[in-house]
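Enquirer: What follows is target.tsv; its format and atoms are TSV, C-alpha atoms and all ligand atoms.
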chain	number	residue	atom	x	y	z
A	1	MET	CA	8.19	11.57	-22.22
A	2	ASP	CA	4.86	11.19	-20.37
A	3	THR	CA	4.62	14.09	-17.92
A	4	HIS	CA	1.66	12.47	-16.06
A	5	LEU	CA	4.00	9.81	-14.77
A	6	ALA	CA	5.93	10.14	-11.52
A	7	VAL	CA	7.81	6.94	-12.36
A	8	ARG	CA	8.32	5.08	-15.60
A	9	ALA	CA	10.39	1.90	-15.38
A	10	ARG	CA	11.15	-0.44	-18.25
A	11	GLY	CA	13.01	-3.72	-17.95
A	12	ILE	CA	14.53	-2.91	-14.56
A	13	THR	CA	16.76	-5.71	-13.29
A	14	ARG	CA	18.68	-5.76	-10.03
A	15	CYS	CA	20.70	-8.73	-8.76
A	16	PHE	CA	22.49	-9.50	-5.51
A	17	GLY	CA	25.01	-12.17	-6.51
A	18	ASP	CA	22.92	-15.06	-7.79
A	19	VAL	CA	19.67	-13.61	-6.43
A	20	VAL	CA	17.57	-11.79	-9.01
A	21	ALA	CA	15.71	-9.34	-6.76
A	22	LEU	CA	14.05	-7.51	-9.69
A	23	ASP	CA	13.56	-9.26	-12.99
A	24	ALA	CA	12.70	-7.04	-16.00
A	25	VAL	CA	10.24	-4.88	-14.06
A	26	ASP	CA	8.01	-2.51	-16.04
A	27	LEU	CA	6.09	0.03	-13.98
A	28	ASP	CA	4.12	3.23	-14.51
A	29	LEU	CA	3.25	5.30	-11.44
A	30	ALA	CA	0.97	8.26	-12.07
A	31	ARG	CA	1.34	11.60	-10.33
A	32	GLY	CA	-1.51	12.37	-7.94
A	33	GLN	CA	-2.20	8.71	-7.09
A	34	VAL	CA	-1.45	6.48	-4.13
A	35	HIS	CA	0.11	3.32	-5.56
A	36	GLY	CA	0.50	0.20	-3.43
A	37	LEU	CA	3.27	-2.34	-3.82
A	38	VAL	CA	2.47	-5.82	-2.52
A	39	GLY	CA	4.03	-9.24	-2.64
A	40	PRO	CA	5.30	-12.04	-0.43
A	41	ASN	CA	8.49	-11.66	1.66
A	42	GLY	CA	11.50	-11.33	-0.62
A	43	ALA	CA	9.41	-10.36	-3.67
A	44	GLY	CA	11.58	-7.28	-4.35
A	45	LYS	CA	9.46	-4.46	-2.94
A	46	THR	CA	12.17	-2.83	-0.80
A	47	THR	CA	14.71	-3.22	-3.58
A	48	LEU	CA	12.41	-1.41	-6.00
A	49	LEU	CA	11.63	1.38	-3.53
A	50	GLY	CA	15.38	1.76	-2.88
A	51	LEU	CA	15.97	2.35	-6.58
A	52	LEU	CA	13.29	5.08	-6.58
A	53	LEU	CA	15.03	6.77	-3.63
A	54	GLY	CA	18.43	6.61	-5.31
A	55	LEU	CA	19.85	4.27	-2.64
A	56	ALA	CA	21.00	1.85	-5.34
A	57	ALA	CA	21.15	1.73	-9.13
A	58	ALA	CA	19.55	-0.86	-11.40
A	59	ASP	CA	21.85	-3.32	-13.19
A	60	SER	CA	19.91	-2.77	-16.41
A	61	GLY	CA	16.76	-1.15	-17.71
A	62	GLU	CA	15.43	2.40	-17.97
A	63	LEU	CA	14.16	4.42	-15.02
A	64	ASP	CA	12.58	7.86	-15.38
A	65	ILE	CA	11.60	9.68	-12.19
A	66	LEU	CA	9.54	12.88	-12.41
A	67	GLY	CA	10.44	13.03	-16.07
A	68	VAL	CA	14.21	12.72	-15.60
A	69	ARG	CA	16.25	9.67	-16.61
A	70	VAL	CA	18.03	8.20	-13.59
A	71	GLY	CA	21.68	7.35	-14.11
A	72	ARG	CA	24.02	5.38	-11.88
A	73	ALA	CA	24.61	8.17	-9.33
A	74	LEU	CA	23.43	7.23	-5.82
A	75	ALA	CA	21.37	10.24	-4.76
A	76	ALA	CA	17.67	10.86	-4.26
A	77	PRO	CA	16.35	12.33	-7.49
A	78	ASP	CA	15.14	15.93	-7.16
A	79	GLY	CA	11.64	16.11	-5.64
A	80	VAL	CA	11.76	12.55	-4.25
A	81	THR	CA	11.69	11.74	-0.57
A	82	GLY	CA	10.80	8.86	1.72
A	83	PHE	CA	12.41	5.98	3.57
A	84	VAL	CA	13.03	2.26	3.53
A	85	ASP	CA	13.93	0.30	6.70
A	86	GLY	CA	12.41	3.03	8.89
A	87	PRO	CA	13.22	6.74	8.89
A	88	GLY	CA	16.71	7.94	9.86
A	89	LEU	CA	16.28	9.98	13.06
A	90	TYR	CA	18.50	11.34	15.85
A	91	PRO	CA	17.44	9.52	19.06
A	92	SER	CA	18.92	12.08	21.46
A	93	LEU	CA	17.01	14.99	19.91
A	94	THR	CA	13.33	15.79	20.37
A	95	ALA	CA	10.83	15.38	17.53
A	96	ARG	CA	10.89	19.12	16.86
A	97	GLN	CA	14.71	19.28	16.98
A	98	ASN	CA	14.90	16.36	14.55
A	99	LEU	CA	12.78	18.23	12.03
A	100	ALA	CA	14.75	21.45	12.56
A	101	ALA	CA	18.03	19.55	12.06
A	102	LEU	CA	16.75	17.94	8.87
A	103	ALA	CA	15.56	21.32	7.57
A	104	ALA	CA	18.99	22.82	8.38
A	105	LEU	CA	20.75	19.94	6.60
A	106	ARG	CA	18.78	20.78	3.50
A	107	GLY	CA	19.88	24.38	3.85
A	108	ARG	CA	16.37	25.59	4.64
A	109	GLY	CA	16.91	26.71	8.24
A	110	PRO	CA	14.35	25.99	10.94
A	111	ALA	CA	10.99	27.22	9.66
A	112	ALA	CA	9.04	26.81	12.91
A	113	THR	CA	5.60	27.16	11.38
A	114	GLY	CA	6.27	24.45	8.80
A	115	ILE	CA	7.63	22.18	11.52
A	116	ASP	CA	4.62	22.73	13.78
A	117	ALA	CA	2.22	22.12	10.92
A	118	ALA	CA	4.00	18.89	9.92
A	119	LEU	CA	3.97	17.64	13.53
A	120	ALA	CA	0.28	18.47	13.84
A	121	GLU	CA	-0.56	16.72	10.60
A	122	VAL	CA	0.94	13.44	11.77
A	123	GLY	CA	-0.55	13.85	15.27
A	124	LEU	CA	2.70	14.38	17.20
A	125	THR	CA	2.09	17.89	18.58
A	126	GLU	CA	1.81	16.64	22.16
A	127	VAL	CA	5.14	14.82	22.06
A	128	ALA	CA	6.95	17.44	19.94
A	129	ASP	CA	9.42	18.19	22.75
A	130	ASP	CA	10.03	14.59	23.82
A	131	ARG	CA	13.25	12.82	22.86
A	132	VAL	CA	12.89	10.41	19.97
A	133	ARG	CA	14.81	7.76	21.97
A	134	GLY	CA	11.58	7.01	23.85
A	135	PHE	CA	9.36	6.90	20.75
A	136	SER	CA	7.52	3.74	19.71
A	137	LEU	CA	7.89	2.34	16.18
A	138	GLY	CA	4.59	3.95	15.14
A	139	MET	CA	5.67	7.38	16.48
A	140	ARG	CA	8.98	7.10	14.59
A	141	GLN	CA	7.11	6.25	11.40
A	142	ARG	CA	4.91	9.31	11.87
A	143	LEU	CA	7.91	11.54	12.54
A	144	GLY	CA	9.58	10.17	9.41
A	145	LEU	CA	6.50	11.16	7.46
A	146	ALA	CA	6.55	14.65	9.02
A	147	ALA	CA	10.18	14.99	7.89
A	148	ALA	CA	9.18	13.95	4.38
A	149	LEU	CA	6.35	16.52	4.38
A	150	LEU	CA	8.79	19.36	5.08
A	151	THR	CA	10.51	18.74	1.74
A	152	GLY	CA	7.30	19.30	-0.28
A	153	PRO	CA	7.79	16.02	-2.19
A	154	ARG	CA	6.58	15.41	-5.72
A	155	LEU	CA	7.19	11.69	-5.27
A	156	LEU	CA	6.90	10.11	-1.81
A	157	VAL	CA	8.31	6.60	-1.36
A	158	LEU	CA	7.49	4.66	1.81
A	159	ASP	CA	8.39	1.10	2.79
A	160	GLU	CA	5.73	-0.33	5.11
A	161	PRO	CA	4.71	3.03	6.65
A	162	ALA	CA	1.81	1.38	8.52
A	163	ASN	CA	4.17	-0.70	10.69
A	164	GLY	CA	3.42	-0.16	14.36
A	165	LEU	CA	0.65	2.37	13.81
A	166	ASP	CA	-2.31	2.46	16.18
A	167	PRO	CA	-5.75	3.38	14.75
A	168	ALA	CA	-5.23	7.12	15.42
A	169	GLY	CA	-1.76	7.01	13.83
A	170	LYS	CA	-3.16	5.20	10.83
A	171	ARG	CA	-5.87	7.85	10.41
A	172	HIS	CA	-3.24	10.62	10.48
A	173	VAL	CA	-0.96	8.85	8.00
A	174	HIS	CA	-3.80	8.01	5.62
A	175	GLY	CA	-5.00	11.61	5.82
A	176	VAL	CA	-1.55	12.96	4.93
A	177	LEU	CA	-1.02	10.58	2.01
A	178	THR	CA	-4.49	11.24	0.61
A	179	ARG	CA	-3.95	15.00	0.82
A	180	LEU	CA	-0.55	14.81	-0.87
A	181	ALA	CA	-1.97	12.71	-3.71
A	182	ALA	CA	-4.91	15.11	-4.14
A	183	GLU	CA	-2.35	17.92	-4.52
A	184	GLY	CA	-0.55	16.04	-7.29
A	185	THR	CA	2.21	14.15	-5.45
A	186	GLY	CA	2.88	10.60	-6.57
A	187	VAL	CA	2.82	8.31	-3.53
A	188	VAL	CA	4.15	4.75	-3.61
A	189	LEU	CA	4.17	2.51	-0.57
A	190	SER	CA	4.63	-1.13	0.24
A	191	SER	CA	2.57	-2.96	2.81
A	192	HIS	CA	1.51	-6.40	3.93
A	193	ARG	CA	-1.77	-4.88	5.21
A	194	MET	CA	-4.28	-5.49	2.44
A	195	ASP	CA	-7.05	-3.62	4.26
A	196	ASP	CA	-4.88	-0.48	4.46
A	197	LEU	CA	-3.97	-0.70	0.80
A	198	GLU	CA	-7.58	-1.16	-0.26
A	199	GLU	CA	-8.55	1.89	1.76
A	200	LEU	CA	-5.74	4.09	0.45
A	201	CYS	CA	-4.63	3.05	-3.00
A	202	SER	CA	-6.19	3.61	-6.38
A	203	GLU	CA	-3.60	1.40	-8.08
A	204	VAL	CA	-1.52	-1.57	-7.03
A	205	THR	CA	1.43	-3.53	-8.32
A	206	ILE	CA	1.83	-7.14	-7.24
A	207	LEU	CA	5.38	-8.49	-7.28
A	208	ALA	CA	6.34	-12.14	-6.99
A	209	THR	CA	9.98	-13.28	-6.99
A	210	GLY	CA	11.07	-10.03	-8.63
A	211	ARG	CA	8.46	-10.01	-11.40
A	212	VAL	CA	5.37	-7.87	-11.87
A	213	VAL	CA	2.36	-10.21	-11.95
A	214	PHE	CA	-0.26	-7.42	-11.89
A	215	SER	CA	-0.15	-3.65	-12.16
A	216	GLY	CA	-3.22	-1.48	-12.52
A	217	PRO	CA	-6.33	-0.08	-10.87
A	218	LEU	CA	-7.48	-1.86	-7.73
A	219	GLY	CA	-10.96	-2.07	-9.23
A	220	GLU	CA	-9.64	-4.36	-11.96
A	221	LEU	CA	-8.84	-6.98	-9.34
A	222	ALA	CA	-12.21	-6.67	-7.63
A	223	ALA	CA	-14.20	-6.87	-10.84
A	224	GLY	CA	-12.10	-9.68	-12.30
A	225	ASN	CA	-13.69	-12.95	-13.32
A	226	ARG	CA	-12.63	-14.63	-10.10
A	227	GLU	CA	-15.25	-16.08	-7.75
A	228	LEU	CA	-14.98	-14.80	-4.19
A	229	ASP	CA	-16.54	-15.91	-0.91
A	230	TYR	CA	-18.93	-13.33	0.55
A	231	ARG	CA	-20.39	-13.18	4.04
A	232	LEU	CA	-24.08	-12.29	3.93
A	233	LEU	CA	-25.91	-11.05	7.00
A	234	THR	CA	-29.67	-10.56	6.61
A	235	SER	CA	-32.81	-9.97	8.66
A	236	ASP	CA	-33.98	-13.55	7.93
A	237	PRO	CA	-31.19	-16.18	7.67
A	238	ARG	CA	-33.56	-19.02	6.77
A	239	ALA	CA	-35.22	-17.14	3.90
A	240	ALA	CA	-31.78	-15.95	2.72
A	241	LEU	CA	-30.52	-19.54	2.60
A	242	GLY	CA	-33.52	-20.61	0.50
A	243	LEU	CA	-33.01	-17.73	-1.93
A	244	ALA	CA	-29.24	-18.36	-2.17
A	245	ASP	CA	-29.89	-22.03	-2.97
A	246	GLY	CA	-32.38	-20.98	-5.66
A	247	THR	CA	-30.26	-18.27	-7.38
A	248	ALA	CA	-28.22	-19.38	-10.41
A	249	GLY	CA	-24.45	-18.98	-10.01
A	250	ILE	CA	-24.56	-18.94	-6.19
A	251	GLN	CA	-22.84	-21.69	-4.22
A	252	VAL	CA	-23.57	-21.82	-0.50
A	253	VAL	CA	-20.23	-22.50	1.20
A	254	GLU	CA	-21.35	-22.21	4.84
A	255	ARG	CA	-24.99	-22.30	5.86
A	256	ALA	CA	-24.89	-20.77	9.35
A	257	VAL	CA	-21.81	-18.96	10.64
A	258	ALA	CA	-21.90	-16.92	13.83
A	259	TRP	CA	-21.15	-13.29	12.96
A	260	ARG	CA	-21.53	-10.22	15.15
A	261	GLY	CA	-23.95	-12.04	17.44
A	262	ALA	CA	-26.16	-13.19	14.56
A	263	GLU	CA	-26.25	-15.93	11.93
A	264	ALA	CA	-24.68	-15.29	8.52
A	265	LEU	CA	-24.31	-17.24	5.28
A	266	VAL	CA	-21.13	-17.59	3.22
A	267	VAL	CA	-21.74	-17.78	-0.52
A	268	ARG	CA	-19.27	-18.16	-3.40
A	269	ALA	CA	-20.12	-16.22	-6.54
A	270	LEU	CA	-19.16	-13.87	-9.32
A	271	VAL	CA	-20.43	-10.31	-8.95
A	272	PRO	CA	-23.40	-10.66	-11.42
A	273	ALA	CA	-24.79	-13.68	-9.54
A	274	LEU	CA	-24.38	-11.81	-6.27
A	275	ASP	CA	-26.30	-8.86	-7.73
A	276	ALA	CA	-29.12	-11.24	-8.68
A	277	LEU	CA	-29.21	-12.69	-5.15
A	278	VAL	CA	-29.45	-9.21	-3.60
A	279	ALA	CA	-32.31	-8.35	-5.99
A	280	ASN	CA	-34.10	-11.57	-4.95
A	281	LEU	CA	-33.63	-10.81	-1.25
A	282	VAL	CA	-35.00	-7.29	-1.64
A	283	ARG	CA	-37.94	-8.56	-3.72
A	284	ASP	CA	-38.88	-10.95	-0.90
A	285	GLY	CA	-38.53	-8.30	1.80
A	286	VAL	CA	-35.31	-9.72	3.33
A	287	ALA	CA	-33.09	-6.87	4.51
A	288	VAL	CA	-29.37	-7.10	3.64
A	289	ARG	CA	-27.46	-5.92	6.71
A	290	GLU	CA	-23.95	-6.76	5.56
A	291	LEU	CA	-22.43	-8.19	2.41
A	292	ALA	CA	-18.64	-8.25	2.11
A	293	PRO	CA	-15.90	-10.55	0.81
A	294	VAL	CA	-14.57	-12.90	3.51
A	295	VAL	CA	-11.07	-12.39	2.10
A	296	SER	CA	-10.52	-9.03	0.41
A	297	PRO	CA	-10.27	-9.03	-3.41
A	298	LEU	CA	-6.68	-7.78	-3.15
A	299	GLU	CA	-5.67	-10.57	-0.80
A	300	ALA	CA	-7.44	-13.17	-2.96
A	301	ALA	CA	-5.65	-11.85	-6.06
A	302	LEU	CA	-2.33	-11.74	-4.25
A	303	LEU	CA	-2.64	-15.39	-3.24
A	304	ALA	CA	-3.86	-16.53	-6.65
A	305	LEU	CA	-1.19	-14.60	-8.59
A	306	THR	CA	1.82	-15.23	-6.38
A	307	GLU	CA	1.33	-18.84	-5.30
A	308	PRO	CA	2.51	-20.31	-8.67
A	309	GLN	CA	5.76	-18.26	-8.50
A	310	GLU	CA	6.33	-19.13	-4.85
A	311	ALA	CA	5.79	-22.82	-5.57
A	312	ALA	CA	8.34	-22.72	-8.42
A	313	ARG	CA	11.05	-21.25	-6.16
B	1	LIG	N1	21.65	-6.23	0.24
B	1	LIG	C1	21.26	-7.43	-0.17
B	1	LIG	N2	22.15	-8.44	-0.31
B	1	LIG	C2	21.78	-9.65	-0.74
B	1	LIG	N3	20.51	-9.99	-1.07
B	1	LIG	C3	19.57	-9.04	-0.95
B	1	LIG	C4	19.89	-7.72	-0.49
B	1	LIG	N4	18.76	-6.98	-0.48
B	1	LIG	C5	17.77	-7.80	-0.89
B	1	LIG	N5	18.26	-9.03	-1.18
B	1	LIG	C6	17.48	-10.18	-1.70
B	1	LIG	O1	16.67	-9.71	-2.77
B	1	LIG	C7	15.38	-10.28	-2.71
B	1	LIG	C8	14.34	-9.19	-2.60
B	1	LIG	O2	14.43	-8.60	-1.32
B	1	LIG	P1	13.53	-7.35	-0.86
B	1	LIG	O3	14.02	-6.92	0.47
B	1	LIG	O4	13.49	-6.34	-1.94
B	1	LIG	O5	12.08	-8.04	-0.72
B	1	LIG	P2	10.73	-7.46	-0.08
B	1	LIG	O6	9.64	-7.73	-1.07
B	1	LIG	O7	10.92	-6.07	0.36
B	1	LIG	O8	10.54	-8.44	1.18
B	1	LIG	P3	9.82	-8.21	2.62
B	1	LIG	O9	8.35	-8.25	2.38
B	1	LIG	O10	10.28	-9.39	3.39
B	1	LIG	O11	10.31	-6.90	3.17
B	1	LIG	C9	15.38	-11.26	-1.53
B	1	LIG	O12	15.69	-12.54	-2.03
B	1	LIG	C10	16.50	-10.72	-0.66
B	1	LIG	O13	17.07	-11.77	0.10
Reformat the file's structure so that it appears as structure tokens.
Expert:
Amino acid sequence: MDTHLAVRARGITRCFGDVVALDAVDLDLARGQVHGLVGPNGAGKTTLLGLLLGLAAADSGELDILGVRVGRALAAPDGVTGFVDGPGLYPSLTARQNLAALAALRGRGPAATGIDAALAEVGLTEVADDRVRGFSLGMRQRLGLAAALLTGPRLLVLDEPANGLDPAGKRHVHGVLTRLAAEGTGVVLSSHRMDDLEELCSEVTILATGRVVFSGPLGELAAGNRELDYRLLTSDPRAALGLADGTAGIQVVERAVAWRGAEALVVRALVPALDALVANLVRDGVAVRELAPVVSPLEAALLALTEPQEAAR
């Protein structure tokens, strides 16, 4: 058994009547990594996360979590925590009382210092004594994460944790997940926010109609042999256009788009051709002020890999 893996799934299938929510899913999630789960609505993400949390059992296949084979018992495997469909909280209690109650339920008793530290880490110190009834979705998500932190998880499973988060909330949540992964926890989360996933995850799995269509390092998608559209902002748009037209492998898609109060080009290319264009710009003294994909590599891959499955539905 591979002890580097937080999750090892082979041939996992889960049906709801005639609906095959997961269809022979194979998955390896490493410890100490943040792993993103993406896919269109109904792809099977929540179903898969539910299996990892012990909320349901697979109909067939093998599932090992933290090195232990999962049977048909419906209970969170030891060392696993998280939530799907939002965290379960007591609305009439304050944030602090919620965490104390959860700690008591686990037989730990209220360890005030741990609770204060968890609240601080998710940025809820100032509202620690407010009732959860008045909390926004983003605040509830953050409190759910604080509750998960108190358990010292070795595998953290989160379904769309970025829902409702403002920029400060997002910074707190990203900080917590990154720290946990650096300390060896396996983190798996689903999201429809490609920018968040690209910022956070080292690995992603793309699901489409219950099947894995990609699983591996994010970099593999970015460096794939797929042409992407890039927005190019330079110190001299006219010279940049001439150089783009004259560089092999570069297709100019839009000649003059307004971008951040200036004029940018959109070019379609593979990475090596783009490298050559940048070298040509620098050689001719044209400064490159911004060069980024118009649609992120993850989003482009998601569309390219899931559209055939969606169309066949
Ligand atoms: N309890 C259930 N009863 C019946 N069908 C279900 C149930 N749970 C999920 N399904 C079906 O299984 C499939 C996968 O659903 P799931 O919720 O896992 O998708 P998802 O990828 O999380 O979608 P979303 O992005 O919309 O949250 C869908 O076709 C869904 O309708």
Enquirer: For ligand LIG 1 (chain B), which of A:Pro161, A:Pro91, A:Gly216, A:Pro293 is the closest residue, counting all atoms listed in the file?
Expert: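 Under the stated criterion, the closest residue is A:Pro161.
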Enquirer: Need to verify the contact set: Leu99 in chain A, 9 Å, all atoms listed in the file, exclusion of same-chain residues closer than 2 positions in sequence. Can you return it as a count of residues only?
Expert: 15
Enquirer: Smallest atom-to-atom distance to Glu199 in chain A: which of A:Arg8, A:Arg283, A:Arg255, A:His35, using only C-alpha atoms?
Expert: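 Under the stated criterion, the closest residue is A:His35.
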Enquirer: Show me which residues line ligand LIG 1 (chain B), defined as having an atom within 12 Å of a ligand atom where only C-alpha atoms and all ligand atoms count, and present them as a PyMOL selection string.
Expert: chain A and resi 13-23+37-51+55-56+84-86+158-161+163+189-193+205-212+310+313
Enquirer: Around the point (7.7, 10.8, 0.7) in the file's coordinates, collect all residues with an atom within 7 Å, using all atoms listed in the file, and return them as a PyMOL selection string.
Expert: chain A and resi 80-82+145+148-149+153+155-158+187
Enquirer: Between CA of Tyr90 in chain A and CA of Arg131 in chain A, what is the distance in Å, rounded to a tenth?
Expert: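 About the pair CA of Tyr90 in chain A and CA of Arg131 in chain A: they are 8.9 Å apart.
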Enquirer: State, in Å with one decimal place, the distance from CA of Leu265 in chain A to CA of Glu307 in chain A.
Expert: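 Computed distance, CA of Leu265 in chain A to CA of Glu307 in chain A, equals 27.8 Å.
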Enquirer: So, counting only C-alpha atoms, which residue among A:Ala117, A:Pro87, A:Thr306, A:His4 is closest to Phe214 in chain A?
Expert: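 Among the listed residues, A:Thr306 lies closest to Phe214 in chain A.
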Enquirer: Which of these, A:Leu89, A:Val288, A:Val282, A:Val295, has the shortest distance to Glu227 in chain A once you count only C-alpha atoms?
Expert: A:Val295
Enquirer: Need to verify the contact set: Leu124 in chain A, 9 Å, all atoms listed in the file, exclusion of same-chain residues closer than 3 positions in sequence. Can you return it as a PDB file with C-alpha atoms, in the frame of the given file?
Expert:
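This is the output file selection-v2.pdb:
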ATOM      1  CA  ALA A  95      10.830  15.380  17.530  1.00  0.00           C
ATOM      2  CA  ALA A 118       4.000  18.890   9.920  1.00  0.00           C
ATOM      3  CA  LEU A 119       3.970  17.640  13.530  1.00  0.00           C
ATOM      4  CA  ALA A 120       0.280  18.470  13.840  1.00  0.00           C
ATOM      5  CA  GLU A 121      -0.560  16.720  10.600  1.00  0.00           C
ATOM      6  CA  VAL A 127       5.140  14.820  22.060  1.00  0.00           C
ATOM      7  CA  ALA A 128       6.950  17.440  19.940  1.00  0.00           C
ATOM      8  CA  MET A 139       5.670   7.380  16.480  1.00  0.00           C
ATOM      9  CA  ARG A 142       4.910   9.310  11.870  1.00  0.00           C
ATOM     10  CA  LEU A 143       7.910  11.540  12.540  1.00  0.00           C
TER      11      LEU A 143
END
